[in-house]
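A.B. asks: Dumping the structure here so I can ask a few things about it.
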Amino acid sequence: MEIQFGKYAFVAHDLFVKHLSFYVSDVIDVGIEILPMKSLEREMSSGVPYERDLLNVLRQGRGVPAVPLVLVGVAS
């Protein structure tokens with residue numbers, strides 16, 4: 001599980017590198033990423049991730065990244 005309230009650039013790394021690496025190494029069965037939603041992002045400093053990263057995953061389509069994922073959004 002990864003809780004990402006830091007810089008948005010780290011979300012892509014978590015989703016496409018970290019979770020995939022652990023999944024391929026048979027360390028995890030599913031990746032869980034917890035992100036702030038847009039409503040919470042407004043109350044945080046600039047550069048934080050939000051549901052845009054979910055849209056990026058959906059745009060890539062099924063199988064990218066090649067890891068079963070659960071994305072959880074936290075709203076204010």
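Convention: chains lettered A, B, ... in structure tokens order; per-chain residue numbering from 1; ligands numbered from 1 as shown.
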Could you list, as a PyMOL selection string, every residue within 12 Å of Tyr23 of chain A, counting only C-alpha atoms and ignoring same-chain residues fewer than 4 positions away?
C.D. replies: chain A and resi 1+14-19+27-32+65-69
A.B. asks: Quick one, how far is atom CA of Arg59 of chain A from atom CA of Arg42 of chain A?
C.D. replies: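 Those two atoms sit 23.7 Å apart.
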A.B. asks: Of the candidates A:Met37, A:Val24, A:Met44, A:Val57, which shows the shortest atom-to-atom distance to Val70 of chain A, using only C-alpha atoms?
C.D. replies: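 The answer is A:Val57, which sits nearest to Val70 of chain A.
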A.B. asks: What does the distance between atom CA of Val74 of chain A and atom CA of Phe22 of chain A come to in Å, to one decimal place?
C.D. replies: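 Taking atom CA of Val74 of chain A and atom CA of Phe22 of chain A, their separation equals 24.2 Å.
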A.B. asks: May I ask which of the residues A:Leu35, A:Leu20, A:Leu40, A:Val11 is the closest one to Val72 of chain A, counting only C-alpha atoms?
C.D. replies: A:Leu35
